[in-house]
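Pasting structure.cif here (mmCIF, C-alpha atoms):
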```
data_work
loop_
_atom_site.label_atom_id
_atom_site.label_comp_id
_atom_site.auth_asym_id
_atom_site.auth_seq_id
_atom_site.Cartn_x
_atom_site.Cartn_y
_atom_site.Cartn_z
CA MET G 1 85.65 -27.61 17.72
CA ALA G 2 87.73 -25.62 15.24
CA ARG G 3 88.19 -28.77 13.21
CA LEU G 4 84.40 -29.38 13.17
CA MET G 5 83.77 -25.79 12.05
CA THR G 6 86.32 -26.23 9.33
CA ARG G 7 84.69 -29.40 8.03
CA ARG G 8 81.07 -28.18 8.36
CA GLY G 9 81.72 -24.55 7.53
CA PRO G 10 79.33 -24.17 4.56
CA LEU G 11 76.45 -25.88 6.42
CA CYS G 12 76.91 -23.74 9.55
CA ALA G 13 77.07 -20.59 7.47
CA LEU G 14 73.76 -21.51 5.75
CA LEU G 15 72.00 -22.16 9.08
CA LEU G 16 73.32 -18.90 10.49
CA ALA G 17 72.02 -16.99 7.44
CA LEU G 18 68.55 -18.54 7.74
CA LEU G 19 68.44 -17.65 11.45
CA LEU G 20 69.34 -14.02 10.75
CA LEU G 21 66.71 -13.84 7.97
CA ALA G 22 63.95 -15.18 10.27
CA LEU G 23 64.87 -12.69 12.98
CA SER G 24 64.77 -9.79 10.53
CA LEU G 25 61.22 -10.58 9.27
CA PRO G 26 58.44 -8.58 11.04
CA PRO G 27 55.80 -10.57 12.95
CA ARG G 28 52.77 -11.48 10.88
CA ALA G 29 49.97 -9.00 11.50
CA ALA G 30 46.57 -10.18 12.64
CA ALA G 31 45.03 -8.45 9.62
CA ASP G 32 46.86 -10.91 7.28
CA TYR G 33 44.44 -13.57 8.50
CA ASP G 34 41.45 -11.54 7.23
CA PRO G 35 39.46 -11.62 10.51
CA PHE G 36 35.69 -11.13 10.84
CA VAL G 37 34.52 -7.56 11.43
CA VAL G 38 30.83 -8.45 11.81
CA VAL G 39 29.75 -11.92 12.94
CA THR G 40 26.37 -13.54 12.32
CA PRO G 41 24.50 -13.90 15.66
CA VAL G 42 24.18 -17.46 16.92
CA SER G 43 21.63 -16.80 19.68
CA GLU G 44 18.72 -14.50 20.45
CA GLU G 45 20.86 -12.68 23.01
CA ASP G 46 23.52 -11.97 20.37
CA GLN G 47 20.79 -10.69 18.03
CA LYS G 48 19.69 -8.11 20.61
CA LYS G 49 23.21 -6.63 20.94
CA THR G 50 23.72 -3.32 19.13
CA ASP G 51 26.87 -2.46 17.25
CA VAL G 52 27.92 0.90 15.80
CA GLN G 53 29.72 -0.89 12.97
CA ILE G 54 26.46 -2.56 11.90
CA GLY G 55 24.77 0.84 11.79
CA THR G 56 27.61 2.10 9.58
CA LEU G 57 27.22 -1.01 7.42
CA GLN G 58 23.47 -0.42 7.00
CA ASP G 59 24.06 3.23 6.08
CA ARG G 60 26.62 2.22 3.43
CA LEU G 61 24.39 -0.53 1.99
CA THR G 62 21.47 1.93 1.86
CA GLU G 63 23.69 4.43 0.04
CA LEU G 64 24.65 1.75 -2.48
CA GLY G 65 21.02 0.72 -2.97
CA TYR G 66 21.19 -2.78 -1.44
CA TYR G 67 19.44 -2.19 1.91
CA LYS G 68 15.82 -0.95 2.01
CA GLY G 69 14.97 -1.40 5.70
CA ASN G 70 15.23 0.74 8.82
CA LYS G 71 18.52 1.36 10.61
CA THR G 72 18.24 -1.29 13.34
CA PHE G 73 21.91 -1.74 14.38
CA LEU G 74 21.24 -5.52 14.13
CA TYR G 75 22.85 -7.93 11.70
CA ASP G 76 19.44 -9.42 10.89
CA VAL G 77 18.04 -11.29 7.89
CA ALA G 78 17.36 -8.13 5.86
CA THR G 79 20.93 -6.88 6.38
CA GLN G 80 22.44 -10.27 5.52
CA TYR G 81 20.31 -10.37 2.35
CA ALA G 82 21.64 -6.93 1.37
CA VAL G 83 25.23 -8.12 1.98
CA SER G 84 24.65 -11.19 -0.21
CA GLY G 85 23.34 -8.93 -2.99
CA PHE G 86 26.42 -6.75 -2.70
CA CYS G 87 28.69 -9.79 -2.92
CA GLU G 88 26.85 -11.12 -5.97
CA THR G 89 27.04 -7.77 -7.80
CA ASN G 90 30.71 -7.17 -6.90
CA GLY G 91 31.81 -10.74 -7.68
CA VAL G 92 33.05 -11.67 -4.22
CA PRO G 93 32.08 -14.74 -2.18
CA PHE G 94 29.41 -14.40 0.50
CA ASP G 95 30.20 -15.94 3.88
CA GLU G 96 27.19 -16.76 6.08
CA LYS G 97 29.43 -16.57 9.17
CA GLY G 98 29.83 -12.81 8.83
CA ILE G 99 31.80 -10.05 7.09
CA ARG G 100 35.58 -10.25 6.89
CA GLN G 101 37.96 -7.28 6.88
CA SER G 102 38.61 -7.52 3.13
CA LEU G 103 34.89 -7.42 2.30
CA TRP G 104 34.40 -4.52 4.73
CA ASP G 105 37.19 -2.54 3.03
CA LEU G 106 35.60 -3.17 -0.38
CA MET G 107 32.18 -2.00 0.83
CA MET G 108 33.53 1.19 2.37
CA GLY G 109 35.94 1.93 -0.46
CA PRO G 110 35.41 3.81 -3.74
CA ASP G 111 35.50 0.60 -5.82
CA ALA G 112 32.19 -0.70 -4.40
CA VAL G 113 29.69 -1.29 -7.24
CA PRO G 114 26.19 0.02 -6.40
CA ALA G 115 23.04 -2.00 -6.95
CA LYS G 116 21.93 -2.31 -10.55
CA GLY G 117 18.22 -2.03 -9.70
CA SER G 118 15.59 -4.71 -10.03
CA ALA G 119 14.54 -5.33 -13.58
CA ALA G 120 12.87 -8.60 -12.62
CA TYR G 121 10.30 -6.90 -10.37
CA GLU G 122 8.10 -3.85 -10.73
CA ASP G 123 6.35 -1.93 -7.99
CA LEU G 124 2.86 -3.30 -7.30
CA ARG G 125 0.18 -0.98 -5.95
CA PRO G 126 -3.16 -1.83 -4.27
CA GLY G 127 -5.69 -2.63 -6.97
CA ALA G 128 -3.09 -4.06 -9.37
CA SER G 129 -3.68 -7.42 -11.04
CA GLY G 130 -1.87 -9.94 -13.18
CA GLU G 131 0.63 -12.79 -12.99
CA ALA G 132 3.14 -10.78 -10.93
CA VAL G 133 0.53 -10.33 -8.20
CA LEU G 134 -0.36 -14.04 -8.32
CA ALA G 135 3.31 -15.08 -8.03
CA MET G 136 3.78 -12.86 -4.97
CA GLN G 137 0.52 -14.13 -3.41
CA THR G 138 1.59 -17.75 -3.97
CA ARG G 139 4.94 -17.10 -2.27
CA LEU G 140 3.26 -15.32 0.68
CA LYS G 141 0.79 -18.23 0.98
CA ALA G 142 3.70 -20.70 1.13
CA LEU G 143 5.27 -18.59 3.91
CA ASN G 144 1.98 -18.76 5.93
CA TYR G 145 1.27 -15.01 5.68
CA TYR G 146 -2.37 -15.71 4.71
CA ASP G 147 -3.02 -17.59 7.98
CA GLY G 148 -5.59 -16.29 10.42
CA GLY G 149 -8.59 -15.72 8.14
CA LEU G 150 -7.07 -13.82 5.19
CA VAL G 151 -8.64 -14.75 1.83
CA LEU G 152 -6.43 -15.14 -1.24
CA THR G 153 -8.11 -13.61 -4.31
CA PRO G 154 -5.89 -14.75 -7.20
CA GLU G 155 -4.22 -12.03 -9.29
CA VAL G 156 -5.87 -9.17 -7.36
CA PHE G 157 -3.90 -6.91 -5.01
CA ASP G 158 -6.75 -6.47 -2.52
CA GLU G 159 -6.85 -5.46 1.16
CA ASP G 160 -6.02 -8.99 2.40
CA THR G 161 -2.98 -9.11 0.11
CA GLN G 162 -1.80 -5.77 1.49
CA THR G 163 -2.26 -7.14 5.04
CA ALA G 164 -0.11 -10.16 4.10
CA VAL G 165 2.62 -7.85 2.73
CA ARG G 166 2.48 -5.74 5.90
CA ARG G 167 2.84 -8.89 8.05
CA PHE G 168 5.85 -9.94 5.96
CA CYS G 169 7.59 -6.58 6.42
CA GLU G 170 6.96 -6.62 10.18
CA SER G 171 8.30 -10.19 10.52
CA ASN G 172 11.39 -9.42 8.41
CA ASN G 173 12.08 -6.04 10.09
CA VAL G 174 11.51 -3.99 6.92
CA ALA G 175 9.87 -0.55 6.88
CA TYR G 176 6.45 -0.53 5.19
CA ASP G 177 4.56 2.62 4.21
CA GLY G 178 1.34 0.87 3.14
CA SER G 179 1.70 1.84 -0.54
CA GLY G 180 1.83 -1.72 -1.91
CA ALA G 181 4.80 -3.98 -2.64
CA SER G 182 7.93 -2.33 -4.00
CA ALA G 183 10.51 -4.18 -6.11
CA ALA G 184 12.87 -4.35 -3.10
CA ILE G 185 10.16 -5.92 -0.92
CA GLN G 186 9.39 -8.47 -3.64
CA GLN G 187 13.07 -9.37 -3.86
CA LEU G 188 13.07 -10.13 -0.15
CA ILE G 189 9.79 -12.08 -0.42
CA PHE G 190 11.28 -14.41 -3.04
CA SER G 191 14.67 -14.69 -1.32
CA ASP G 192 15.86 -17.78 0.55
CA GLY G 193 16.22 -15.76 3.75
CA ALA G 194 12.53 -14.77 3.96
CA VAL G 195 11.12 -15.47 7.43
CA GLU G 196 7.94 -17.55 7.71
CA TYR G 197 4.92 -16.11 9.50
CA VAL G 198 3.83 -17.41 12.91
CA LEU G 199 0.24 -16.55 13.82
CA PRO G 200 0.18 -14.84 17.26
CA GLU G 201 -1.57 -16.75 19.99
CA VAL G 202 -5.05 -15.49 20.85
CA GLU G 203 -6.19 -15.82 24.44
CA GLU G 204 -9.38 -17.84 24.74
CA THR G 205 -12.49 -16.07 25.97
CA THR G 206 -14.48 -17.37 28.94
CA PRO G 207 -17.15 -19.07 26.75
CA GLU G 208 -14.41 -20.80 24.75
CA LYS G 209 -12.71 -22.01 27.95
CA VAL G 210 -16.01 -23.34 29.31
CA SER G 211 -16.77 -25.05 25.98
CA GLY G 212 -13.31 -26.67 25.94
CA TYR G 213 -13.74 -27.84 29.54
CA MET G 214 -17.15 -29.38 28.83
CA MET G 215 -15.90 -31.19 25.70
CA GLN G 216 -12.79 -32.77 27.24
CA ASP G 217 -12.90 -36.54 27.74
CA VAL G 218 -12.99 -38.19 31.19
CA ASP G 219 -12.23 -41.85 31.93
CA ILE G 220 -14.88 -43.43 34.19
CA LEU G 221 -14.37 -47.11 34.93
CA VAL G 222 -14.02 -48.68 31.48
CA ALA G 223 -15.72 -45.91 29.49
CA THR G 224 -14.56 -42.54 28.17
CA VAL G 225 -17.25 -39.87 28.21
CA PRO G 226 -17.20 -36.09 27.71
CA MET G 227 -17.26 -33.86 30.76
CA PHE G 228 -20.71 -32.42 29.95
CA ALA G 229 -22.18 -35.95 30.23
CA VAL G 230 -20.74 -36.23 33.75
CA TRP G 231 -22.33 -32.92 34.74
CA LEU G 232 -25.65 -33.96 33.16
CA ALA G 233 -25.65 -37.24 35.08
CA ALA G 234 -24.85 -35.38 38.31
CA ALA G 235 -27.70 -32.93 37.71
CA LEU G 236 -30.15 -35.79 37.07
CA LEU G 237 -29.01 -37.53 40.24
CA LEU G 238 -29.53 -34.37 42.29
CA ALA G 239 -32.99 -33.91 40.76
CA LEU G 240 -33.88 -37.53 41.66
CA ILE G 241 -32.73 -37.04 45.28
CA ALA G 242 -34.78 -33.83 45.52
CA ALA G 243 -37.88 -35.64 44.19
CA VAL G 244 -37.49 -38.44 46.77
CA VAL G 245 -37.11 -35.91 49.62
CA VAL G 246 -40.23 -34.02 48.53
CA HIS G 247 -42.25 -37.22 48.15
CA PHE G 248 -41.40 -38.82 51.49
CA PHE G 249 -40.84 -35.82 53.77
CA VAL G 250 -43.00 -33.02 52.39
CA HIS G 251 -46.13 -34.59 50.89
CA ASP G 252 -46.59 -37.00 53.80
CA ALA G 253 -46.30 -34.32 56.47
CA LYS G 254 -49.64 -33.94 58.37
CA PRO G 255 -51.03 -30.53 59.34
CA PRO G 256 -50.94 -29.69 63.07
CA GLU G 257 -53.98 -30.73 65.10
CA GLY G 258 -56.23 -27.98 66.60
CA PRO G 259 -59.55 -26.18 66.21
CA SER G 260 -60.50 -25.64 62.63
CA VAL G 261 -60.35 -22.08 61.42
CA PRO G 262 -62.74 -20.99 58.68
CA ALA G 263 -61.02 -19.99 55.54
CA ALA G 264 -60.83 -16.30 54.91
CA ARG G 265 -63.09 -14.89 52.25
CA PRO G 266 -61.04 -13.82 49.27
CA VAL G 267 -61.03 -10.12 48.63
CA ARG G 268 -60.56 -8.82 45.13
CA ALA G 269 -57.70 -6.35 44.98
CA GLU G 270 -57.85 -3.42 42.66
CA PRO G 271 -54.87 -3.10 40.33
CA ALA G 272 -52.44 -0.37 41.31
CA ALA G 273 -51.76 2.43 38.90
CA VAL G 274 -48.54 1.95 36.98
CA GLU G 275 -46.55 5.01 36.06
CA PRO G 276 -45.37 4.81 32.44
CA ILE G 277 -41.60 4.65 31.94
CA SER G 278 -40.27 7.38 29.69
CA GLN G 279 -37.80 6.64 26.95
CA ASP G 280 -35.26 8.96 28.64
CA LYS G 281 -35.36 6.82 31.82
CA LEU G 282 -35.16 3.58 29.83
CA HIS G 283 -32.33 4.55 27.47
CA GLY G 284 -30.76 7.50 29.24
CA GLU G 285 -30.51 11.00 27.88
CA ARG G 286 -28.46 11.19 24.70
CA HIS G 287 -26.02 13.96 25.57
CA PRO G 288 -23.05 14.46 23.23
CA ILE G 289 -19.96 12.38 23.99
CA GLU G 290 -16.74 14.42 24.15
CA PHE G 291 -13.60 12.79 22.74
CA GLN G 292 -10.14 14.23 23.51
CA ILE G 293 -7.69 12.67 21.02
CA GLU G 294 -3.90 12.77 21.42
CA TYR G 295 -1.80 11.67 18.42
CA GLN G 296 1.85 12.43 17.57
CA GLY G 297 2.03 15.31 20.06
CA ARG G 298 -1.17 16.99 18.84
CA THR G 299 -4.46 17.14 20.74
CA ARG G 300 -7.93 17.71 19.32
CA SER G 301 -11.47 17.43 20.69
CA GLU G 302 -14.70 16.27 19.09
CA GLN G 303 -18.28 15.97 20.32
CA LEU G 304 -20.53 13.31 18.78
CA VAL G 305 -24.01 12.01 19.66
CA CYS G 306 -24.35 8.22 19.95
CA THR G 307 -27.86 7.54 18.68
CA ASP G 308 -27.36 3.97 17.49
CA ALA G 309 -23.76 2.79 17.00
CA LEU G 310 -20.81 5.22 16.98
CA VAL G 311 -17.91 3.76 14.96
CA ILE G 312 -14.26 4.60 15.76
CA GLY G 313 -11.60 3.81 13.13
CA ARG G 314 -9.87 4.86 9.93
CA GLY G 315 -13.02 4.55 7.82
CA GLU G 316 -15.57 7.21 6.96
CA GLY G 317 -18.22 8.24 9.50
CA GLY G 318 -18.19 8.30 13.28
CA LEU G 319 -14.96 9.25 15.03
CA GLN G 320 -12.33 9.12 12.28
CA LEU G 321 -8.70 8.57 13.33
CA ASP G 322 -5.53 9.34 11.36
CA LYS G 323 -5.25 7.03 8.34
CA GLN G 324 -1.43 6.94 8.65
CA ASP G 325 -1.78 4.90 11.88
CA HIS G 326 -1.83 1.39 10.36
CA MET G 327 -2.41 -0.25 13.75
CA VAL G 328 -5.95 1.17 13.54
CA SER G 329 -8.55 -0.86 11.61
CA ARG G 330 -11.13 0.72 9.30
CA VAL G 331 -13.83 -0.26 11.79
CA HIS G 332 -11.74 -0.58 14.95
CA CYS G 333 -14.46 -0.45 17.61
CA GLU G 334 -17.92 0.96 18.19
CA LEU G 335 -19.84 2.54 21.06
CA ARG G 336 -23.49 1.74 21.69
CA TYR G 337 -25.91 2.58 24.51
CA GLU G 338 -27.63 -0.36 26.23
CA GLY G 339 -30.18 1.37 28.41
CA ALA G 340 -28.23 4.01 30.32
CA VAL G 341 -24.93 2.06 30.00
CA LEU G 342 -22.38 2.88 27.28
CA MET G 343 -20.78 -0.31 25.89
CA LEU G 344 -17.64 -0.66 23.72
CA SER G 345 -17.35 -3.53 21.20
CA ASP G 346 -13.91 -4.24 19.69
CA ARG G 347 -13.91 -5.21 15.99
CA SER G 348 -10.21 -4.72 15.24
CA THR G 349 -7.23 -6.83 14.27
CA ASN G 350 -4.85 -5.45 16.92
CA GLY G 351 -7.26 -4.87 19.83
CA THR G 352 -8.05 -1.89 22.07
CA LEU G 353 -6.70 -0.88 25.49
CA VAL G 354 -9.31 0.41 27.97
CA ASN G 355 -7.49 2.04 30.90
CA GLY G 356 -4.48 -0.13 30.02
CA SER G 357 -6.44 -3.43 29.88
CA PRO G 358 -6.55 -5.22 26.47
CA ILE G 359 -9.97 -5.71 24.83
CA HIS G 360 -9.95 -7.85 21.66
CA ASN G 361 -13.07 -9.01 19.82
CA CYS G 362 -15.23 -8.65 22.93
CA ARG G 363 -17.32 -6.05 24.80
CA CYS G 364 -16.88 -3.99 27.94
CA ARG G 365 -18.56 -1.10 29.76
CA VAL G 366 -17.16 2.42 29.31
CA ASN G 367 -17.45 5.09 31.99
CA SER G 368 -16.92 8.83 31.72
CA GLY G 369 -13.23 9.65 32.09
CA ASP G 370 -12.02 6.28 30.72
CA LYS G 371 -8.97 6.30 28.43
CA LEU G 372 -8.81 4.28 25.20
CA THR G 373 -5.57 3.42 23.41
CA ILE G 374 -6.13 2.64 19.72
CA GLY G 375 -2.88 2.20 17.80
CA ALA G 376 -0.87 5.36 18.52
CA HIS G 377 -4.01 7.34 19.48
CA ASN G 378 -4.85 8.09 23.15
CA ILE G 379 -8.54 9.00 23.55
CA THR G 380 -10.26 10.25 26.72
CA ILE G 381 -14.08 9.89 26.80
CA ARG G 382 -16.35 12.15 28.83
CA PHE G 383 -20.15 12.18 28.82
#
```
Please, can you express the file's structure as structure tokens?
Amino acid sequence: MARLMTRRGPLCALLLALLLLALSLPPRAAADYDPFVVVTPVSEEDQKKTDVQIGTLQDRLTELGYYKGNKTFLYDVATQYAVSGFCETNGVPFDEKGIRQSLWDLMMGPDAVPAKGSAAYEDLRPGASGEAVLAMQTRLKALNYYDGGLVLTPEVFDEDTQTAVRRFCESNNVAYDGSGASAAIQQLIFSDGAVEYVLPEVEETTPEKVSGYMMQDVDILVATVPMFAVWLAAALLLALIAAVVVHFFVHDAKPPEGPSVPAARPVRAEPAAVEPISQDKLHGERHPIEFQIEYQGRTRSEQLVCTDALVIGRGEGGLQLDKQDHMVSRVHCELRYEGAVLMLSDRSTNGTLVNGSPIHNCRCRVNSGDKLTIGAHNITIRF
């Protein structure tokens, strides 16, 4: 053994030195691998999870001028778009999988470069016109935000355009104050991460369900006919059977035999006096309707007389609600007497709750003491 150590002395000494050097090195820290601090959600359940770090991230991005939305504690599309803008301005790569420790340290540190502003976009207000409005309208049209009956008036920032912008902000989780389209909102509209609009499903009314049932096709033997033709044929068959029964069993029936009885002499009856119906009995007395309105912790009362149609909404006339409640339409609903019955007709975009039941583009009866929910307003009706 001593002889082997003598012959291989230099090699053994080198191996021993390398072993001592490896043992003296500290273990590699996990931070050297630059781990993810915030991870992009991969499922809807992950998206719903809140994280204090994401709230801190949104506060910092808002301070730097990259994030314009509400503090949601969600690493959503708007937050990811703000992170990508930060990376572009600060010259660092953007990773769609999330935010690594090195990027987090740069954001929170003093060397973070704030947003330079948006020279490519200018704030657009309702009533504005021009090519900038047309470009935004074209982009919103491509993202389906004009679906559902909105009319695109080229180069005019009209009410339908403002509704499309509001839909975009709601779908992309961005705060919207109803003042138009700011430069930050336009940046998000033209970004690759903009979410397309999906028109909410509208429940069919009873007439629509009946119409759809009658128009569906039915296979009978070798022919395909609509359902209303089947019902029509069944009605004709029943009418034919009824005619046969009347002809053979009713018309041919003989009167019972017995002594003839002279017919009674007709007596002319005098018409009975008819009491005229007053307009008060026909239409009901028009007493004032009392409205108790609760909105944002404040309560107020109004009394209005419903002579023809009493409009409730954000517009002028009738019962006017707070214009800051954007869930309320200009003409949201109206009350009208039909005889002595007070009827409510919904004309809104978002619908009305009557005692908690949704009413949308249809009519229902309203009784004294009923409660209406219109946007954030709670209204109690008494009459």
| message | Quick one: residues within 12 Å of G:Arg347, only C-alpha atoms, excluding same-chain residues fewer than 2 positions away - as an NGL selection string? | response | :G and (311-313 or 328-335 or 344-345 or 349-352 or 359-363 or 374)
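Among the candidates G:Ile289, G:Met327, G:Val133, G:Leu150, the one nearest to G:Leu342 when counting only C-alpha atoms is G:Ile289.
Excluding G:Ile185 and any residue on its chain fewer than 6 positions from it, the residues at most 10 Å away by only C-alpha atoms are G:Lys68, G:Gly69, G:Tyr121, G:Asp123, G:Val165, G:Phe168, G:Cys169, G:Val174, G:Ala175, G:Tyr176, G:Ser191.
Between G:Val52 and the residues G:Met215, G:Leu16, G:Leu236, G:Leu74, the shortest atom-to-atom distance, using all atoms listed in the file, involves G:Leu74.
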| For the file shown, what are the residues hit by the PyMOL selection byres ((chain G and resi 53) around 12), laid out as a ChimeraX atom specification? | /G:37-39,49-52,54-60,71-75,99,104,108
